[in-house]
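What follows is a single structure, written as structure tokens, with notes after it.
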Amino acid sequence: MSRTLLVLRYEISTAFRRPSFLFAVFGLPVFLGLALVLISRISVAQPIESAGPASAPDARELQREGYVDLSGLITEIHPDVPPGILTAYPDEDSARAALRAGAIKAYYLVPPNYLETGNVIYANPDYRPVSAEGQAWVMRWTLFANLVGNDPERMRAGNAMDVHTTTLAPEAAGPEGNSPALFFVPYTLMMLFTFVLMMSAGLLLSSVSMEKQNRTLETLLLSIDARQLLIGKITALGLLGLLQAVVWFSSAYVLLGFSGSPMELPPGLELPPSFIFWGIVFFVLSYAVYGSLMAGLGALTSNPREASQSIIIVIWPILVAFVISPVLPEEPHSALITGLSLFPLTAPHIMLGRLVIGGVPWWQPWLAAVLMGVTAVFIVRMVIGMFQAQILLTGQSFSVRRYFVNLVGRRNA
């Protein structure tokens with residue numbers, strides 16, 4: 001145990017002495033933060049009229065929408081708003097009827113307490129993760145114009161409303177809906193998870209392959225057991241990868257809040273309270289699996305370049321998960337998707353996507369975690385066998401067959 005801790009401490013201290021690692025973990029968030037502050041200062045320095053009618057989008061880019069004004073604020077539509085783009089309705093029922101008939105694409109609901117809260121509800125059944133700012137300009141400018149009495153001398157741009165998007169009907173939310181967010185949100189989370197996982201496992205692959213190339217591994221194995229060496233490396237570089245992920249995601253959250261664009265999921269999707277817990281659990285287990293497989297890859301390749309070129313034989317299950325991902329929002333509980341969310345090599349990516357969509361039985365994430373834990377222990381024990389002198393010292397070139405032969409323990413091959 002003490003030698004495992006020595007390896008862990010050595011790997012962490014070595015990483016923190018590398019300028020490239022420090023810049024990747026802390027430098028990039030600081031750089032992006034400074035850039036955001038600079039952009040914000042430049043924006044503040046611009047004349048306030050710059051966001052007014054001069055910045056209005058082309059009418060051909062706008063869709064027809066309606067509004068229901070329960071506050072009595074809107075008395076007329078300003079001439080800067082293209083004719084026919086914004087239609088008034090006396091109540092929400094009539095606006096919904098127009099929406100169902102296809103006369104409008106969405107509508108705004110201005111509540112009676114708008115002047116106190118500044119909140120406006122935006123009802124749109126075809127919500128898109130990247131909304132068009134130009135479309136929001138129409139209602140924003142209309143509210144501002146009426147707030148200042150449509151006085152040309154007092155008209156200026158700004159943020160007239162805090163929009164809260166809501167779904168309109170059951171068919172607009174949930175797995176049966178056709179909202180693009182049902183695909184993009186789980187897919188984006190899968191990509192982020194894979195990026196963090198590959199970033200962490202890549203550190204382990206690079207460390208092992210470089211130490212194999214400069215013969216450091218051979219020296220270490222003279223004084224330390226292969227199991228202690230591998231477990232120490234996996235733990236240390238896993239912690240470093242997790243640290244990098246925490247710093248990056250925390251910085252992104254702070255920067256988005258600073259820019260006035262907080263992280264919000266589209267309507268119909270929500271992260272369950274246990275999502276962070278399962279995210280950490282699946283990250284730890286998947287890192288143990290893929291990190292170990294990459295460590296074995298580094299032990300058999302002759303240099304880091306060869307190791308990086310051979311990484312496909314390890315990450316192919318992740319590629320399968322991405323190929324199947326378009327089916328996930330349409331059939332999140334089908335036999336295929338459920339099976340892949342339980343299969344240890346694809347479980348983290350598919351299961352996290354299913355948890356975002358919802359409706360996953362409580363026992364399935366636990367079963368997936370148990371199966372992954374058993375697989376992780378099995379793979380770590382197999383990879384330990386690769387860290388032997390007769391394998392590290394052999395002059396054979398790397399091949400897929402040699403990798404799997406040594407992985408299953410047939411050393412004489």
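The chains in the structure tokens are called A, B, ... from first to last as shown; in each chain the residues are counted from 1, and the ligands are counted from 1 in the order shown.
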message = Using only C-alpha atoms, which protein or nucleic acid residues come within 12 Å of Leu99 of chain A? Drop anything in the same chain fewer than 5 positions from it, and give the result as an MDAnalysis selection string.
response = chainID A and resid 64:67 87 89 92:94 104:108 123:126 168:169
ask   = Among segment 192-365 of chain A, which residues carry a DSSP assignment of helix (DSSP H, G or I), reported as a PyMOL selection string?
value = chain A and resi 192-213+216-220+226-258+275-300+304-309+312-327+335-342+347-357+363-365
inquiry  = I'd like the interatomic distance between atom CA of Ile357 of chain A and atom CA of Pro329 of chain A, to a tenth of an Å.
reply    =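 About the pair atom CA of Ile357 of chain A and atom CA of Pro329 of chain A: they are 7.2 Å apart.
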inquiry  = I want to know what sits within 10 Å of Phe249 of chain A, based on only C-alpha atoms, with residues of the same chain fewer than 5 positions away left out; could you give that as a VMD selection string?
reply    = chain A and resid 29 192 244 254 to 255
task = Counting only C-alpha atoms, figure out which residue out of A:Met190, A:Val374, A:Leu285, A:Leu240 gets nearest to Pro326 of chain A.
result =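 Using only C-alpha atoms, Pro326 of chain A sits closest to A:Met190.
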query = Using only C-alpha atoms, which residues sit within 12 Å of Ile77 of chain A once same-chain residues fewer than 6 positions away are excluded, as a PyMOL selection string?
reply = chain A and resi 66-67+83-88+138-147+149-150
Store the residues of this selection in a file with C-alpha atoms, as an mmCIF file, in the first residue's frame.
data_model
loop_
_atom_site.group_PDB
_atom_site.id
_atom_site.type_symbol
_atom_site.label_atom_id
_atom_site.label_comp_id
_atom_site.auth_asym_id
_atom_site.auth_seq_id
_atom_site.Cartn_x
_atom_site.Cartn_y
_atom_site.Cartn_z
ATOM 1 C CA GLY A 66 -48.304 35.968 -31.175
ATOM 2 C CA TYR A 67 -48.622 37.480 -27.744
ATOM 3 C CA PRO A 83 -45.900 43.934 -40.206
ATOM 4 C CA GLY A 84 -47.567 40.603 -39.488
ATOM 5 C CA ILE A 85 -44.671 39.225 -37.432
ATOM 6 C CA LEU A 86 -46.310 39.787 -34.040
ATOM 7 C CA THR A 87 -50.068 39.257 -33.571
ATOM 8 C CA ALA A 88 -52.086 40.105 -30.449
ATOM 9 C CA VAL A 138 -39.244 41.546 -31.807
ATOM 10 C CA MET A 139 -40.956 41.157 -28.438
ATOM 11 C CA ARG A 140 -38.148 42.839 -26.548
ATOM 12 C CA TRP A 141 -38.363 45.946 -28.720
ATOM 13 C CA THR A 142 -42.168 45.974 -28.518
ATOM 14 C CA LEU A 143 -42.067 45.937 -24.718
ATOM 15 C CA PHE A 144 -39.469 48.672 -24.542
ATOM 16 C CA ALA A 145 -41.339 50.856 -26.953
ATOM 17 C CA ASN A 146 -44.499 50.629 -24.846
ATOM 18 C CA LEU A 147 -42.588 51.055 -21.576
ATOM 19 C CA GLY A 149 -44.701 55.407 -24.351
ATOM 20 C CA ASN A 150 -43.373 54.888 -27.904
#
ask   = In terms of the shortest atom-to-atom distance over only C-alpha atoms, which of A:Tyr290, A:Gly72, A:Ala98, A:Ile231 is closest to Tyr114 of chain A?
value =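 Going through A:Tyr290, A:Gly72, A:Ala98, A:Ile231 one by one, the smallest distance to Tyr114 of chain A is for A:Gly72.
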ask   = Hey, which of A:Leu336, A:Val30, A:Ala288, A:Leu221 ends up closest to Gly238 of chain A? Count only C-alpha atoms.
value = A:Ala288
message = as a PyMOL selection string, please: the residues near Gly27 of chain A (cut-off 12 Å, only C-alpha atoms, same-chain neighbours under 6 positions excluded).
response = chain A and resi 19-21+33-34+244+247-248+251
Generate a file of the selected residues that holds C-alpha atoms, formatted as an mmCIF file, in the first residue's frame.
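And here is the file that came out, out-v9.cif:
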data_model
loop_
_atom_site.group_PDB
_atom_site.id
_atom_site.type_symbol
_atom_site.label_atom_id
_atom_site.label_comp_id
_atom_site.auth_asym_id
_atom_site.auth_seq_id
_atom_site.Cartn_x
_atom_site.Cartn_y
_atom_site.Cartn_z
ATOM 1 C CA PRO A 19 3.648 23.631 -17.660
ATOM 2 C CA SER A 20 1.441 22.041 -20.329
ATOM 3 C CA PHE A 21 -0.719 20.317 -17.694
ATOM 4 C CA GLY A 33 -12.375 34.491 -18.316
ATOM 5 C CA LEU A 34 -10.104 37.400 -19.241
ATOM 6 C CA GLN A 244 -9.383 19.037 -14.734
ATOM 7 C CA VAL A 247 -12.161 23.064 -12.964
ATOM 8 C CA TRP A 248 -13.365 23.266 -16.560
ATOM 9 C CA SER A 251 -15.336 27.699 -14.875
#
key: Given only C-alpha atoms as the counted atoms, nearest of A:Ile280, A:Ile121, A:Arg227, A:Leu293 to Leu205 of chain A   = A:Leu293
